[in-house]
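Source file: data28.cif. Holds: mmCIF, C-alpha atoms.
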data_start
loop_
_atom_site.label_atom_id
_atom_site.label_comp_id
_atom_site.auth_asym_id
_atom_site.auth_seq_id
_atom_site.Cartn_x
_atom_site.Cartn_y
_atom_site.Cartn_z
CA ALA C 31 79.41 283.20 -40.13
CA GLN C 32 81.00 279.90 -39.21
CA SER C 33 84.32 280.00 -37.43
CA VAL C 34 86.57 277.98 -35.16
CA ALA C 35 89.19 279.10 -32.70
CA GLN C 36 92.22 277.24 -31.44
CA PRO C 37 93.39 279.18 -28.39
CA GLU C 38 96.78 277.51 -28.03
CA ASP C 39 99.59 278.02 -30.53
CA GLN C 40 101.51 275.12 -29.01
CA VAL C 41 100.85 272.23 -26.64
CA ASN C 42 103.70 270.38 -24.96
CA VAL C 43 103.24 266.96 -23.38
CA ALA C 44 105.47 264.11 -22.30
CA GLU C 45 105.26 260.80 -24.09
CA GLY C 46 102.77 258.50 -22.42
CA ASN C 47 100.74 261.34 -20.93
CA PRO C 48 97.26 262.26 -22.12
CA LEU C 49 96.96 265.15 -24.51
CA THR C 50 94.25 267.67 -25.29
CA VAL C 51 94.18 270.16 -28.15
CA LYS C 52 91.42 272.71 -27.75
CA CYS C 53 88.93 274.00 -30.27
CA THR C 54 85.85 276.14 -29.90
CA TYR C 55 83.37 276.88 -32.63
CA SER C 56 80.80 279.43 -33.65
CA VAL C 57 78.10 278.35 -36.08
CA SER C 58 74.51 279.01 -36.94
CA GLY C 59 72.65 275.74 -36.98
CA ASN C 60 74.10 272.30 -36.42
CA PRO C 61 77.88 272.15 -36.57
CA TYR C 62 79.87 269.81 -38.77
CA LEU C 63 83.30 269.68 -37.13
CA PHE C 64 86.58 268.15 -38.20
CA TRP C 65 90.15 267.59 -37.06
CA TYR C 66 93.09 267.35 -39.43
CA VAL C 67 96.79 266.75 -38.82
CA GLN C 68 99.68 268.12 -40.86
CA TYR C 69 103.16 266.62 -40.67
CA PRO C 70 106.14 268.69 -41.89
CA ASN C 71 106.11 269.26 -45.64
CA ARG C 72 102.95 267.21 -46.05
CA GLY C 73 99.32 267.82 -46.81
CA LEU C 74 96.50 267.73 -44.30
CA GLN C 75 95.31 264.32 -43.20
CA PHE C 76 91.78 263.75 -41.94
CA LEU C 77 91.59 262.49 -38.34
CA LEU C 78 87.92 262.53 -37.40
CA LYS C 79 84.64 264.34 -37.73
CA TYR C 80 81.46 265.09 -35.80
CA ILE C 81 78.26 265.24 -37.80
CA THR C 82 75.62 264.07 -35.36
CA GLY C 83 75.13 261.39 -32.75
CA ASP C 84 77.53 260.44 -29.96
CA ASN C 85 79.42 263.32 -28.44
CA LEU C 86 82.62 261.25 -28.26
CA VAL C 87 84.01 260.65 -31.72
CA LYS C 88 86.80 258.18 -32.36
CA GLY C 89 89.23 258.68 -35.20
CA SER C 90 92.55 257.64 -36.67
CA TYR C 91 95.78 256.90 -34.76
CA GLY C 92 94.00 256.56 -31.41
CA PHE C 93 92.66 260.11 -31.39
CA GLU C 94 89.19 261.03 -30.22
CA ALA C 95 87.29 264.26 -29.83
CA GLU C 96 84.55 265.35 -27.50
CA PHE C 97 81.73 267.49 -28.80
CA ASN C 98 80.23 269.77 -26.15
CA LYS C 99 77.28 271.81 -27.34
CA SER C 100 76.86 273.90 -24.21
CA GLN C 101 80.51 274.96 -24.27
CA THR C 102 80.66 275.07 -28.09
CA SER C 103 83.85 273.05 -27.97
CA PHE C 104 85.31 270.15 -29.90
CA HIS C 105 88.56 269.25 -28.15
CA LEU C 106 90.91 266.64 -29.58
CA LYS C 107 92.21 264.07 -27.13
CA LYS C 108 94.45 261.05 -26.89
CA PRO C 109 94.94 258.95 -23.75
CA SER C 110 98.66 258.34 -24.26
CA ALA C 111 100.78 260.59 -26.47
CA LEU C 112 103.51 259.31 -28.77
CA VAL C 113 106.55 261.25 -29.99
CA SER C 114 105.30 260.53 -33.50
CA ASP C 115 102.12 262.52 -32.72
CA SER C 116 104.18 265.71 -32.87
CA ALA C 117 102.65 267.73 -35.70
CA LEU C 118 100.36 270.65 -36.52
CA TYR C 119 96.68 270.07 -35.74
CA PHE C 120 93.80 271.95 -37.30
CA CYS C 121 90.20 272.13 -36.22
CA ALA C 122 87.67 272.97 -38.93
CA VAL C 123 83.98 273.64 -39.37
CA ARG C 124 81.98 273.11 -42.53
CA GLY C 125 80.88 276.32 -44.14
CA SER C 126 78.78 277.19 -47.15
CA SER C 127 79.50 275.31 -50.38
CA TYR C 128 80.80 272.46 -48.21
CA LYS C 129 84.15 274.18 -47.83
CA LEU C 130 86.04 273.78 -44.56
CA ILE C 131 86.92 276.80 -42.45
CA PHE C 132 90.05 276.14 -40.45
CA GLY C 133 91.36 277.36 -37.15
CA SER C 134 94.84 278.82 -36.85
CA GLY C 135 96.37 275.49 -35.92
CA THR C 136 98.03 274.14 -32.79
CA ARG C 137 101.52 272.72 -32.81
CA LEU C 138 101.77 269.60 -30.64
CA LEU C 139 105.18 268.71 -29.30
CA VAL C 140 105.53 265.37 -27.51
CA ARG C 141 108.73 265.03 -25.49
CA PRO C 142 110.39 261.60 -25.20
CA ASP J 205 98.06 258.75 -50.03
CA SER J 206 94.90 260.84 -50.34
CA GLY J 207 94.54 260.24 -54.08
CA VAL J 208 94.81 263.97 -54.82
CA THR J 209 97.79 264.89 -56.98
CA GLN J 210 99.34 268.34 -57.15
CA THR J 211 102.11 269.56 -59.41
CA PRO J 212 104.64 271.02 -59.18
CA LYS J 213 105.68 270.24 -55.60
CA HIS J 214 108.08 273.17 -55.50
CA LEU J 215 108.29 276.29 -57.61
CA ILE J 216 110.67 279.24 -57.37
CA THR J 217 110.01 282.29 -59.45
CA ALA J 218 110.52 286.04 -59.52
CA THR J 219 108.22 288.93 -58.71
CA GLY J 220 105.98 289.91 -61.58
CA GLN J 221 105.91 286.44 -63.08
CA ARG J 222 102.97 284.11 -63.67
CA VAL J 223 102.66 280.47 -62.59
CA THR J 224 100.11 277.70 -62.94
CA LEU J 225 99.47 275.09 -60.27
CA ARG J 226 97.73 271.88 -61.23
CA CYS J 227 95.49 269.55 -59.26
CA SER J 228 94.03 266.16 -60.11
CA PRO J 229 91.24 265.20 -57.69
CA ARG J 230 90.48 261.74 -56.38
CA SER J 231 88.79 259.50 -58.88
CA GLY J 232 85.08 260.28 -58.94
CA ASP J 233 85.27 263.48 -56.89
CA LEU J 234 83.50 266.37 -58.56
CA SER J 235 84.53 269.15 -56.18
CA VAL J 236 87.92 270.84 -56.04
CA TYR J 237 88.86 273.38 -53.39
CA TRP J 238 91.98 275.57 -53.35
CA TYR J 239 93.57 276.79 -50.13
CA GLN J 240 96.56 278.97 -49.39
CA GLN J 241 98.71 278.28 -46.33
CA SER J 242 101.08 281.00 -45.26
CA LEU J 243 102.87 281.49 -41.96
CA ASP J 244 100.93 284.54 -40.89
CA GLN J 245 97.52 283.80 -42.43
CA GLY J 246 97.01 280.13 -41.69
CA LEU J 247 94.85 278.13 -44.07
CA GLN J 248 92.77 280.41 -46.25
CA PHE J 249 90.04 279.20 -48.58
CA LEU J 250 90.49 280.56 -52.08
CA ILE J 251 87.93 279.02 -54.41
CA HIS J 252 85.66 276.01 -54.99
CA TYR J 253 84.72 274.36 -58.27
CA TYR J 254 82.08 271.69 -58.72
CA ASN J 255 81.91 269.75 -61.96
CA GLY J 256 83.46 272.59 -63.92
CA GLU J 257 81.48 275.43 -62.38
CA GLU J 258 82.69 277.96 -59.84
CA ARG J 259 80.65 277.49 -56.66
CA ALA J 260 82.26 279.75 -54.08
CA LYS J 261 85.01 282.33 -53.76
CA GLY J 262 86.96 283.14 -50.66
CA ASN J 263 89.90 285.43 -50.11
CA ILE J 264 91.21 285.11 -53.62
CA LEU J 265 93.07 288.04 -55.11
CA GLU J 266 92.08 289.42 -58.51
CA ARG J 267 95.55 288.46 -59.75
CA PHE J 268 94.62 284.82 -59.10
CA SER J 269 92.22 282.75 -61.15
CA ALA J 270 91.23 279.13 -61.38
CA GLN J 271 89.31 276.76 -63.56
CA GLN J 272 88.17 273.16 -63.58
CA PHE J 273 88.33 271.27 -66.83
CA PRO J 274 85.93 268.61 -68.24
CA ASP J 275 88.23 265.84 -66.98
CA LEU J 276 87.81 267.45 -63.51
CA HIS J 277 91.41 268.49 -63.02
CA SER J 278 91.86 272.04 -61.88
CA GLU J 279 94.43 274.76 -62.35
CA LEU J 280 95.18 277.76 -60.20
CA ASN J 281 96.80 280.64 -62.07
CA LEU J 282 98.78 283.21 -60.11
CA SER J 283 99.95 286.31 -61.97
CA SER J 284 101.93 289.48 -61.26
CA LEU J 285 103.46 287.61 -58.38
CA GLU J 286 104.54 289.45 -55.26
CA LEU J 287 106.81 288.40 -52.42
CA GLY J 288 103.76 287.96 -50.20
CA ASP J 289 102.35 285.29 -52.50
CA SER J 290 105.01 282.88 -51.27
CA ALA J 291 103.04 280.10 -49.60
CA LEU J 292 101.90 276.52 -49.76
CA TYR J 293 98.94 276.08 -52.06
CA PHE J 294 96.74 273.09 -51.37
CA CYS J 295 94.11 271.48 -53.46
CA ALA J 296 91.44 269.32 -51.87
CA SER J 297 88.69 267.25 -53.39
CA SER J 298 85.43 265.75 -52.25
CA PRO J 299 82.36 264.21 -53.80
CA HIS J 300 80.22 267.11 -52.58
CA GLY J 301 78.85 270.10 -54.17
CA ARG J 302 75.26 270.27 -55.04
CA GLY J 303 73.32 267.41 -53.55
CA GLY J 304 75.26 266.80 -50.36
CA ARG J 305 76.72 263.44 -51.18
CA GLY J 306 79.65 262.29 -49.08
CA THR J 307 80.28 262.72 -45.38
CA GLY J 308 81.95 266.08 -45.18
CA GLU J 309 85.68 265.63 -45.13
CA LEU J 310 87.96 267.02 -47.80
CA PHE J 311 90.94 265.07 -49.12
CA PHE J 312 94.07 267.14 -49.49
CA GLY J 313 97.00 266.89 -51.83
CA GLU J 314 100.58 267.35 -50.68
CA GLY J 315 100.62 270.97 -51.80
CA SER J 316 102.66 273.15 -54.11
CA ARG J 317 105.24 275.29 -52.37
CA LEU J 318 105.65 278.59 -54.17
CA THR J 319 108.61 280.83 -53.43
CA VAL J 320 108.65 284.29 -54.99
CA LEU J 321 112.04 286.00 -54.98
#
Would you give me this structure, written as structure tokens?
Amino acid sequence: AQSVAQPEDQVNVAEGNPLTVKCTYSVSGNPYLFWYVQYPNRGLQFLLKYITGDNLVKGSYGFEAEFNKSQTSFHLKKPSALVSDSALYFCAVRGSSYKLIFGSGTRLLVRP
Amino acid sequence: DSGVTQTPKHLITATGQRVTLRCSPRSGDLSVYWYQQSLDQGLQFLIHYYNGEERAKGNILERFSAQQFPDLHSELNLSSLELGDSALYFCASSPHGRGGRGTGELFFGEGSRLTVL
């Protein structure tokens, strides 16, 4: 069965520093991986996806993610964090019926 | 704005009651997915409809049911409500289903926050 794991409940970084939010996956076959962001009292917004091709995927708001097949990871990264990046981030893998299976979420807190 | 509309945004009701949550997908999207987000369970997939037909079921309780109508809007019915049903219920749409059109991402509405007292 497809699954993703987000090992950190919360990540704290200072504004201007690089940030990484971790995700590992377990799939049979080729993975289709996604990152979403959720701001307070809002729905989930799509950030980026990996389907095939380059291992470094660029997405919205300056975020990127690195697909690593040998480590079965798909970490979300940003070179310079903003206070406005503070939110809940979800990693997801595509399952059967094209549904998305989400990780438990990681709360990102960017300090001014 | 994702283009997915959910109503109501907030709903407060009592245990034992029944509620209906409504979702209008993005124009042209044939698939509707329902998810439940609670503090201790994260985002749980409930059910998927494609063009009016049920395609997949997840962790959906027997007290819950859903349908997708010919105009493609969907409703999630929650009955005999319990305190533990308090959660955010999200609808998402995509052009997928059978055939694999689209590029994989789902588009989420703002959610319906259900509080059961």
message: Taking only C-alpha atoms into account and nothing else, which residues of chain C lie no more than 10 Å away from chain J? Please answer as an MDAnalysis selection string.
response: chainID C and resid 62:66 68 71:81 120 122:124 126:135
query: Hey, what comes out of the PyMOL selection byres ((chain J and resi 232) around 9) on this file? Could you write it as an MDAnalysis selection string?
result: chainID J and resid 229:231 233:234 276 298:299
Could you write those residues out with C-alpha atoms, as a JSON list (two decimals), in the coordinates of the input?
[["chain", "number", "residue", "atom", "x", "y", "z"],
["J", 229, "PRO", "CA", 91.24, 265.20, -57.69],
["J", 230, "ARG", "CA", 90.48, 261.74, -56.38],
["J", 231, "SER", "CA", 88.79, 259.50, -58.88],
["J", 233, "ASP", "CA", 85.27, 263.48, -56.89],
["J", 234, "LEU", "CA", 83.50, 266.37, -58.56],
["J", 276, "LEU", "CA", 87.81, 267.45, -63.51],
["J", 298, "SER", "CA", 85.43, 265.75, -52.25],
["J", 299, "PRO", "CA", 82.36, 264.21, -53.80]]
- request: Please evaluate the PyMOL selection byres ((chain C and resi 95) around 10) against the displayed coordinates and give the resulting residues as a PyMOL selection string.
  value: chain C and resi 50-53+63-65+77-80+85-89+93-94+96-98+103-108
- request: Report the distance between CA of Val67 in chain C and CA of Glu279 in chain J in Å, rounded to one decimal place.
  value: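 We find that CA of Val67 in chain C and CA of Glu279 in chain J lie 25.0 Å from each other.
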- request: List every protein, DNA or RNA residue that has an atom no more than 8 Å from (96.4, 277.7, -27.9) in the file's coordinate frame, counting all atoms listed in the file, and report them as a ChimeraX atom specification.
  value: /C:36-41,51-52,136
message: Residues proximal to (108.8, 283.3, -57.1) were defined as those with any atom within 9 Å of that point in the file's coordinates, counting all atoms listed in the file. Which are they, as a VMD selection string?
response: chain J and resid 215 to 223 285 to 287 289 to 290 318 to 321
- prompt: When you draw a straight line from CA of Val34 in chain C to CA of Arg137 in chain C, how long is it in Å?
  reply: 16.0 Å
query: Excluding same-chain residues fewer than 5 positions from Asn281 in chain J, what lies within 10 Å of it counting only C-alpha atoms, as a VMD selection string?
result: chain J and resid 222 to 226 267 to 271
Would you mind exporting C-alpha atoms of the selected residues as a compact mmCIF listing (two decimals), in the frame of the given file?
# COMPACT_ATOMS: atom_id res chain seq x y z
CA ARG J 222 102.97 284.11 -63.67
CA VAL J 223 102.66 280.47 -62.59
CA THR J 224 100.11 277.70 -62.94
CA LEU J 225 99.47 275.09 -60.27
CA ARG J 226 97.73 271.88 -61.23
CA ARG J 267 95.55 288.46 -59.75
CA PHE J 268 94.62 284.82 -59.10
CA SER J 269 92.22 282.75 -61.15
CA ALA J 270 91.23 279.13 -61.38
CA GLN J 271 89.31 276.76 -63.56
message: Between CA of Glu258 in chain J and CA of Tyr55 in chain C, what distance in Å does the model show, to one decimal?
response: 27.2 Å
query: Given the choices J:Gly256, J:Pro212, J:Gly288, J:Gly207, which gets closest to Pro274 in chain J if the distance is worked out from only C-alpha atoms?
result: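 Ranked by minimum distance to Pro274 in chain J, first place goes to J:Gly256.
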field: Residues within 8 Å of Tyr69 in chain C, only C-alpha atoms, excluding chain neighbours under 6 positions, as a PyMOL selection string
entry: chain C and resi 116-118
Could you give me the centre and size, in Å to one decimal, of an axis-aligned box around all listed atoms of range 241-247 of chain J with 8 Å added on every side, as lines of an AutoDock Vina configuration file?
center_x = 98.9
center_y = 281.3
center_z = -43.6
size_x = 24.0
size_y = 22.4
size_z = 21.4
task: For the file shown, report as a ChimeraX atom specification the outcome of the PyMOL selection byres ((chain C and resi 111) around 8) at residue level.
output: /C:43-49,108-110,112-113,115,140
Write a file of the selected residues as a compact mmCIF listing (two decimals), in the coordinates of the input, keeping C-alpha atoms.
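Once everything was written out, this is result-v4.txt:
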# COMPACT_ATOMS: atom_id res chain seq x y z
CA VAL C 43 103.24 266.96 -23.38
CA ALA C 44 105.47 264.11 -22.30
CA GLU C 45 105.26 260.80 -24.09
CA GLY C 46 102.77 258.50 -22.42
CA ASN C 47 100.74 261.34 -20.93
CA PRO C 48 97.26 262.26 -22.12
CA LEU C 49 96.96 265.15 -24.51
CA LYS C 108 94.45 261.05 -26.89
CA PRO C 109 94.94 258.95 -23.75
CA SER C 110 98.66 258.34 -24.26
CA LEU C 112 103.51 259.31 -28.77
CA VAL C 113 106.55 261.25 -29.99
CA ASP C 115 102.12 262.52 -32.72
CA VAL C 140 105.53 265.37 -27.51
message: Using only C-alpha atoms for the distances, tell me which of C:Gly83, C:Pro70, C:Gly125, C:Gly92 is nearest to Ser33 in chain C.
response: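 Distance minimum relative to Ser33 in chain C lands on C:Gly125.
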Can you rebuild range 225-252 of chain J with N, CA and C atoms and give it as a PDB file, in the frame of the given file?
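Contents of out.pdb, freshly written:
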ATOM      1  N   LEU J 225      99.445 276.258 -61.139  1.00  0.00           N
ATOM      2  CA  LEU J 225      99.470 275.090 -60.270  1.00  0.00           C
ATOM      3  C   LEU J 225      98.358 274.144 -60.721  1.00  0.00           C
ATOM      4  N   ARG J 226      98.676 272.861 -60.718  1.00  0.00           N
ATOM      5  CA  ARG J 226      97.730 271.880 -61.230  1.00  0.00           C
ATOM      6  C   ARG J 226      97.295 270.909 -60.151  1.00  0.00           C
ATOM      7  N   CYS J 227      96.044 270.490 -60.238  1.00  0.00           N
ATOM      8  CA  CYS J 227      95.490 269.550 -59.260  1.00  0.00           C
ATOM      9  C   CYS J 227      94.646 268.509 -59.973  1.00  0.00           C
ATOM     10  N   SER J 228      94.898 267.255 -59.658  1.00  0.00           N
ATOM     11  CA  SER J 228      94.030 266.160 -60.110  1.00  0.00           C
ATOM     12  C   SER J 228      93.306 265.605 -58.898  1.00  0.00           C
ATOM     13  N   PRO J 229      91.979 265.673 -58.870  1.00  0.00           N
ATOM     14  CA  PRO J 229      91.240 265.200 -57.690  1.00  0.00           C
ATOM     15  C   PRO J 229      91.207 263.685 -57.619  1.00  0.00           C
ATOM     16  N   ARG J 230      90.690 263.180 -56.515  1.00  0.00           N
ATOM     17  CA  ARG J 230      90.480 261.740 -56.380  1.00  0.00           C
ATOM     18  C   ARG J 230      89.504 261.281 -57.458  1.00  0.00           C
ATOM     19  N   SER J 231      89.677 260.050 -57.866  1.00  0.00           N
ATOM     20  CA  SER J 231      88.790 259.500 -58.880  1.00  0.00           C
ATOM     21  C   SER J 231      87.343 259.585 -58.421  1.00  0.00           C
ATOM     22  N   GLY J 232      86.505 260.194 -59.254  1.00  0.00           N
ATOM     23  CA  GLY J 232      85.080 260.280 -58.940  1.00  0.00           C
ATOM     24  C   GLY J 232      84.671 261.534 -58.192  1.00  0.00           C
ATOM     25  N   ASP J 233      85.629 262.270 -57.611  1.00  0.00           N
ATOM     26  CA  ASP J 233      85.270 263.480 -56.890  1.00  0.00           C
ATOM     27  C   ASP J 233      84.998 264.616 -57.873  1.00  0.00           C
ATOM     28  N   LEU J 234      83.899 265.298 -57.656  1.00  0.00           N
ATOM     29  CA  LEU J 234      83.500 266.370 -58.560  1.00  0.00           C
ATOM     30  C   LEU J 234      83.918 267.753 -58.063  1.00  0.00           C
ATOM     31  N   SER J 235      84.189 267.854 -56.765  1.00  0.00           N
ATOM     32  CA  SER J 235      84.530 269.150 -56.180  1.00  0.00           C
ATOM     33  C   SER J 235      86.028 269.293 -55.990  1.00  0.00           C
ATOM     34  N   VAL J 236      86.526 270.487 -56.299  1.00  0.00           N
ATOM     35  CA  VAL J 236      87.920 270.840 -56.040  1.00  0.00           C
ATOM     36  C   VAL J 236      87.937 272.160 -55.288  1.00  0.00           C
ATOM     37  N   TYR J 237      88.700 272.182 -54.209  1.00  0.00           N
ATOM     38  CA  TYR J 237      88.860 273.380 -53.390  1.00  0.00           C
ATOM     39  C   TYR J 237      90.336 273.767 -53.422  1.00  0.00           C
ATOM     40  N   TRP J 238      90.604 275.060 -53.459  1.00  0.00           N
ATOM     41  CA  TRP J 238      91.980 275.570 -53.350  1.00  0.00           C
ATOM     42  C   TRP J 238      92.127 276.354 -52.052  1.00  0.00           C
ATOM     43  N   TYR J 239      93.234 276.091 -51.366  1.00  0.00           N
ATOM     44  CA  TYR J 239      93.570 276.790 -50.130  1.00  0.00           C
ATOM     45  C   TYR J 239      94.998 277.309 -50.220  1.00  0.00           C
ATOM     46  N   GLN J 240      95.225 278.412 -49.510  1.00  0.00           N
ATOM     47  CA  GLN J 240      96.560 278.970 -49.390  1.00  0.00           C
ATOM     48  C   GLN J 240      96.987 278.872 -47.934  1.00  0.00           C
ATOM     49  N   GLN J 241      98.185 278.347 -47.694  1.00  0.00           N
ATOM     50  CA  GLN J 241      98.710 278.280 -46.330  1.00  0.00           C
ATOM     51  C   GLN J 241      99.982 279.113 -46.248  1.00  0.00           C
ATOM     52  N   SER J 242      99.903 280.191 -45.508  1.00  0.00           N
ATOM     53  CA  SER J 242     101.080 281.000 -45.260  1.00  0.00           C
ATOM     54  C   SER J 242     101.294 281.095 -43.758  1.00  0.00           C
ATOM     55  N   LEU J 243     102.508 281.509 -43.376  1.00  0.00           N
ATOM     56  CA  LEU J 243     102.870 281.490 -41.960  1.00  0.00           C
ATOM     57  C   LEU J 243     101.968 282.407 -41.133  1.00  0.00           C
ATOM     58  N   ASP J 244     101.655 283.572 -41.693  1.00  0.00           N
ATOM     59  CA  ASP J 244     100.930 284.540 -40.890  1.00  0.00           C
ATOM     60  C   ASP J 244      99.417 284.511 -41.115  1.00  0.00           C
ATOM     61  N   GLN J 245      98.960 283.790 -42.126  1.00  0.00           N
ATOM     62  CA  GLN J 245      97.520 283.800 -42.430  1.00  0.00           C
ATOM     63  C   GLN J 245      96.854 282.455 -42.207  1.00  0.00           C
ATOM     64  N   GLY J 246      97.626 281.437 -41.884  1.00  0.00           N
ATOM     65  CA  GLY J 246      97.010 280.130 -41.690  1.00  0.00           C
ATOM     66  C   GLY J 246      96.485 279.583 -42.997  1.00  0.00           C
ATOM     67  N   LEU J 247      95.458 278.767 -42.899  1.00  0.00           N
ATOM     68  CA  LEU J 247      94.850 278.130 -44.070  1.00  0.00           C
ATOM     69  C   LEU J 247      93.675 278.964 -44.542  1.00  0.00           C
ATOM     70  N   GLN J 248      93.814 279.558 -45.725  1.00  0.00           N
ATOM     71  CA  GLN J 248      92.770 280.410 -46.250  1.00  0.00           C
ATOM     72  C   GLN J 248      92.103 279.774 -47.460  1.00  0.00           C
ATOM     73  N   PHE J 249      90.797 279.724 -47.451  1.00  0.00           N
ATOM     74  CA  PHE J 249      90.040 279.200 -48.580  1.00  0.00           C
ATOM     75  C   PHE J 249      90.107 280.197 -49.728  1.00  0.00           C
ATOM     76  N   LEU J 250      90.401 279.690 -50.911  1.00  0.00           N
ATOM     77  CA  LEU J 250      90.490 280.560 -52.080  1.00  0.00           C
ATOM     78  C   LEU J 250      89.267 280.431 -52.981  1.00  0.00           C
ATOM     79  N   ILE J 251      88.990 279.190 -53.430  1.00  0.00           N
ATOM     80  CA  ILE J 251      87.930 279.020 -54.410  1.00  0.00           C
ATOM     81  C   ILE J 251      87.498 277.565 -54.462  1.00  0.00           C
ATOM     82  N   HIS J 252      86.243 277.344 -54.881  1.00  0.00           N
ATOM     83  CA  HIS J 252      85.660 276.010 -54.990  1.00  0.00           C
ATOM     84  C   HIS J 252      85.032 275.844 -56.367  1.00  0.00           C
TER      85      HIS J 252
END
